[in-house]
Amino acid sequence: MRTITFDIDRFDGTRSWTQSYAFEYDPTLTVLGSLIRIKEQQDPSLNFTASCRCAICGSCAVRVNGNAVLACDTRLDTVLKQWGADTLHISPIGNFKVISDLVVDWGDKIERLRSAKPGLKAKKEFSADSGCQQSPADFAKIQKQWDCILCGSCASECNKLTDNDRDFLEPFVYTHANRYAQDSRSADGMVHVKEMVKQGLWKCLHCMECVTKCPKQIAPAADIAAMRAMAFAAGNTDGKGPRHAEAFRTDLENTGRLNEVRLVPRTEGLIDAATGRMGFTYRMLKHGKLGALEAAELYLTDNKPIEGIDGLRKIIRYERDGK
Amino acid sequence: MSEDNKDDTSSLSRRTFIGACAAVPLTGAVADLAMASTADGTQGAAASSGAPSTMSFDVLVVGSGGSGLRAAVYAMRAGNLSVAVVSKTMPTRSATCMAEGGINGVISYPGQKDSLDSHAFDTVKGSDYLGDQDCIDFFVEKASEAVRETDFWGTPYSRAKDGRIDQRFMAGHQFPRTNYSADKTGHALLHSNFDYALGAGVKFLIDYQLLDVGVEDGVCTGVVMRNLKTGEIVPVRARAVIMATGGYTRIFWTRTSTPFIATGDGTAAALRAGLPFKDPEMIQFHPTGVAHGGVLITEAARGEGGYLLNNKGERFMQRYAPGKMELAPRDITARAIETEIAEGRGFGEGMTAYVLIDLRHLGREKIIERLPQIRHVGLMFENIDLIDQPLPIRSTAHYSMGGIDVINFHTMETAMPGLFACGECGCESIHGANRLGGNSLAAAMVTGKEAGIAAAAYAAKAQMPDDKALQRLADQWRDHFRENTARTKGTPFTEIRDRMAQVLWDGMGIYRTEKGLAATVEALRDLHAEYRTASIGNAGQVYNSAYTHYIEVGNLLTLARCAALAALDRRESRGAHTRVDYPKRNDKDYLHHNLVSLKGDELVLNQRPVTIVRFKPEERNY
C-alpha cells in the first residue's frame, strides 16, 4: 500500500503545531478530496473551507509546499509528481491572518477591496431603465479580469505584501479596479486608477508570483501595468514610480541599455538620492558590487548605444506616440 | 478560556460596534453592542441575565448569494438605515456563482418577437401549473428590469454585434431570452452585486452561522448567530430580517450539484420559528452529474452529441426517447438513467452507481475546443480524460423550488412581521413544480430587490425589538453546544448524513412511490433521533467546523422530513415530482401548494390553492 502523508499546519486560536496525517494513495483524489477524507476518517477537528468544489467559488485555496493552489482544482497526483515526494506540507495561504488551521480571515481583505471603489459608474447616456451598450470587443477587454473568484492565491506569495502590506494592496484588488477602469461603460475609468495610484499602484515589485499562482490565469501584474499606463496617459507622471518608469524608457530610447547609476537619481531626485542612498552606495562599494570610477564614468558618459538602436527607438516611439 | 481569546473577542466586538454605528441608525435607536456574553458557553447564562447586550441592525440580511447581496443594496439605498449581511463564509462562496447558463429577461430591440406574456406563459407551463400566475406576471416584468439594471451596475454581459446584451435559447422557452456572460453568468452577477454592495457601504459580518430566529408576540426580533472565529453565541436584534440562505438539495449530500454550504439554514430556522415550508417536495434533478459528488456535467455534453451508455454498451435512450435520443428533456433523461440503474444495467451500486457518457467519437479536437470545462471536471472528479474514456455520471439534485412560505410576492414578506425571504430559500411561488433554465438568477435578482425595498420600508416604521427571546434562545444554543460537543460516544454524525442522503435518494429521488415515501418518512424520523445522540468529535471554540456541520446536518434532516411528508401526500406526478404509482397530474385534487409546519417535533401539513389568472391548466407537452 502506498501511503501519502500530509503535514498540515494547525492553529487552534492560541497554539500552533504541525500534524501529520497518513492516508492510502488514491489516484482519483484531489487535494480537497484528500483533506475531506482526513477530516471525515481521521480528525473532525481539522478546519478548512470549501464550497462549490469545482473551482468557481474560491473557498479552498491552500498552500502545498509553500505554493498556493485551489485544493478542489488540483489533483493529488499532480502535486505528488510535481514535488517528487509522497509527503506534502499543507498550510494556509500566505499574507492572510489565520483563524484556524487552513481557514483565513477575509474580513479586512474585503475592506481593502472596498477601497478600489468597486462598482460601475456608468456613462451619462446609459440608464438603469435601459441598460448600457457595449461592443463585443469592449466586453472582451474586461472579460478576463471578471474571472477573478477572490480565492486569495495571488496574494499568498506576493513578495511586496509580505515585505510591507501598509502601502500595497492584494493583487486581486488592482484587478478589480482595472476591470472598471477599462470598462467602456464607465463614465470615468480614471476614478479607479487615481485611487489605486494613492494605494500602491507603483509599488509592485514585478515578481510575478500573482501571475503564476492565479488559478484562473488572470495576470494582476498586467492589470497594474495597464492602470499605470492609463495614469501616464492622463498626465499623472509625478512621483517616484512614474519617474522610475520614465527613466527606464529614457535609457532604452537613448542607448538600449539600462543605466543603473542614473536610475536612482532620476527616480528619487539628485538630492534625495545623494542623501538617502549614501549608506546603500557605501555598502555596494565596500562589497565590490560597484566600482567608484566605473560608476562615475557611467553617470557622466552613459552606455554606448546597442546595435540596432534605431529599430528599438522606432518601437518605443510607436508605443508612446502611436506613430 | 485563554487571555488571547478574550482579547480577540473584545477587539472584534469593538470593530463590529464601530461598524454598526457608522451607518446612521434610525429614529435614534443607537446600535448598542456590549457583548457581555463570552466566548465560553458555560458563562453565557450568567452574562445574559444582565442589561440588554446585543448587536443591532435596522436590516439584517442572512446569506450573501445573489439575492442577499441585492437585498442589502436596496435596503441601503433607502437611506439612513444600518444594513448588514451575515454569512458563514466569505461572501462570494454561494451557489449563485455556480450558475452558468444565464438570466432570463425579455429585452426589447428592433425586430424582437418575444414578449413578457410569452415569458410568463413559458414559466407557468414550466412550473406544471403550480406556479402562482399573478406572481409570475410580476416576476417576468421585474426580471426584464433587473437585466437592464444589473448591466447599468456593471455586470459584464456577453454582447451582440449591435452592442445590446446577447441572448441564448434555453430549454422550455419559445424565444431566446436568456441573457448571459459567457458560461459564467452566475459568477458575473454575484461578483458585480458584491462589488456594488461594497461600493454602497453594506457591512459584512463574515464567519457567522445562523442558529435561530427570535420571535416575540409573533414578531421577528432578530437572529441568534454563532461567531465562528470565537465560538461565541450572540443574539442580534434587527427591525427586519431578510432570509437569503439558498436551497436545500444538500439533503442528498453526495448527489447534488450545489455547494457544501447551501444547507437550508434559513429555511430550517424559519420553520422552528413557526413559519410554513412551502412545496418542500419540489426538488429539481439534473440528468448528468459526475458519479462521485454530483458536480454538474452541463447539457453541452449531450448537445454536442455525447452518447449515454449502460453496462451493455447500449445507447439506452433508444428505449425512452427514440426520436430525440440523448437530446430528450432533462426529466426524461434523468428518469431513463435511474431506470437503467434500477434494472441492473448500470455500473456499481448504492449511491455511487452510474451509467456512462461517451464523447470519444466526437474526437480530440472537438472535445478540446468545445467542451474543455466538461473534460476538466472529468479529470478532477473521476481521473478520467473524456478523450480516451467514457465518464461515470448519474442524475444530481440541482434546485429547490420549495422554500419559506412568502405570502406577498410584491414584498417577499412572510406571515411573520419583520421576516422576509428571497432567492432560492423563499417560495413565492415563481417556479411551481419545476424551474426553467435561466429563471433562477432572474428570481434571485427580482426577489432580492423587492425584499430589500420592503424590509427597509418596514424597518423605517418598526421599533427596535427587545432581546428577551433572543437571549433565551442564545442560552439554549450555548447549552446545545456544550452538551452535544461533550459527547464522545455515538455514531459519527457524518455517517448519519450519508445515510440520510442514501435514504432520500432511494425513497424520494427521481422516482417516488407510496411505499418508498412511507419508508422514507419513518427512516428519517429514526435518523433524526439517532442524530441527537451522534458524536461530533470536536469540542473546541475557535472555528469548530465539525459543530458547524453538525447543525447543518440537523437542518437538512428537518427539511428532508418536511419534503418526504409532502411528497407522500402528493399522490400525482407534477413537474419534478414523479410518482410511479400516480403517473398523471391530478388538477382536481392537487392544484395546491403544500405547507408543512413544525409543532414541537411533529410536522403538520396544510394546503393553499394555486393562483390561476390567465393560463388555464393544460397538459404539459413539449
# chains A, B, ... in the order shown; residues from 1 in each chain; ligands from 1
>>> interface_residues(of="chain A", to="chain B", cutoff="6 Å", atoms="only C-alpha atoms", output="PyMOL selection string")
chain A and resi 28+44-45+51-52+57+114+117-120+128+130-136
>>> select_by_dssp(residues="region 141-309 of chain A", states="alpha helix (DSSP H)", output="MDAnalysis selection string")
chainID A and resid 141:143 153:156 159:163 171:181 190:198 209:213 220:233 240:254 260:268 270:276 278:286 292:301 309
>>> atom_distance(atom1="CA of Asp122 (chain B)", atom2="CA of Phe277 (chain B)")
25.3 Å
>>> residues_around(residues="region 417-429 of chain B", least_positions_apart="5", cutoff="6 Å", atoms="only C-alpha atoms", output="ChimeraX atom specification")
/B:67,131-132,219-220,240-247,402-406,409,412,444,447-448
>>> write_last_selection(atoms="C-alpha atoms", output="CSV table (one decimal), in the first residue's frame")
chain,number,residue,atom,x,y,z
B,67,SER,CA,-30.4,37.6,-3.8
B,131,GLY,CA,-46.6,28.5,-10.0
B,132,ASP,CA,-48.8,31.4,-8.9
B,219,VAL,CA,-43.0,39.4,15.5
B,220,CYS,CA,-39.4,38.7,14.4
B,240,ALA,CA,-36.2,43.5,9.8
B,241,VAL,CA,-34.5,40.2,8.8
B,242,ILE,CA,-34.2,39.0,5.3
B,243,MET,CA,-33.5,35.3,4.8
B,244,ALA,CA,-31.4,34.6,1.7
B,245,THR,CA,-29.8,31.3,2.7
B,246,GLY,CA,-30.4,29.3,-0.5
B,247,GLY,CA,-31.8,25.9,-1.2
B,402,GLY,CA,-39.8,24.9,-2.4
B,403,GLY,CA,-38.9,27.3,0.4
B,404,ILE,CA,-40.0,29.6,3.2
B,405,ASP,CA,-43.7,30.5,2.6
B,406,VAL,CA,-43.7,34.0,1.1
B,409,PHE,CA,-44.7,38.4,-3.8
B,412,MET,CA,-41.3,39.0,-0.1
B,444,ALA,CA,-32.6,35.9,-7.3
B,447,THR,CA,-36.9,38.8,-5.2
B,448,GLY,CA,-33.7,40.2,-3.6
>>> residues_around(residues="Asp147 (chain A)", least_positions_apart="2", cutoff="8 Å", atoms="only C-alpha atoms", output="PyMOL selection string")
(chain A and resi 143-145+149+216+218) or (chain B and resi 188)
>>> atom_distance(atom1="CA of Ala219 (chain A)", atom2="CA of Val69 (chain A)")
15.5 Å
>>> residues_around(residues="Gly452 (chain B)", least_positions_apart="6", cutoff="6 Å", atoms="only C-alpha atoms", output="JSON, numbers by chain")
{"B": [71, 72, 74, 75]}
>>> residues_around(residues="Thr298 (chain B)", least_positions_apart="4", cutoff="10 Å", atoms="only C-alpha atoms", output="list of chain:residue names")
B:Glu100, B:Gly101, B:His286, B:Pro287, B:Thr288, B:Gly289, B:Arg302, B:Gly303, B:Leu371, B:Gln373, B:Ile374
>>> atom_distance(atom1="CA of Val236 (chain B)", atom2="CA of Asn555 (chain B)")
20.3 Å
>>> closest_residue(among="B:Asp212, B:Asp265, B:Glu299, B:Glu338", to="Trp505 (chain B)", atoms="only C-alpha atoms")
B:Glu338
>>> closest_residue(among="B:Phe57, B:Tyr307, B:Tyr458, B:Phe316", to="Val83 (chain B)", atoms="only C-alpha atoms")
B:Phe57
>>> closest_residue(among="A:Leu80, A:Ile110, A:Val62, A:Ile8", to="Leu29 (chain A)", atoms="only C-alpha atoms")
A:Leu80
>>> closest_residue(among="A:Ala71, A:Leu102, A:Ile56, A:Leu252", to="Lys314 (chain A)", atoms="only C-alpha atoms")
A:Leu252
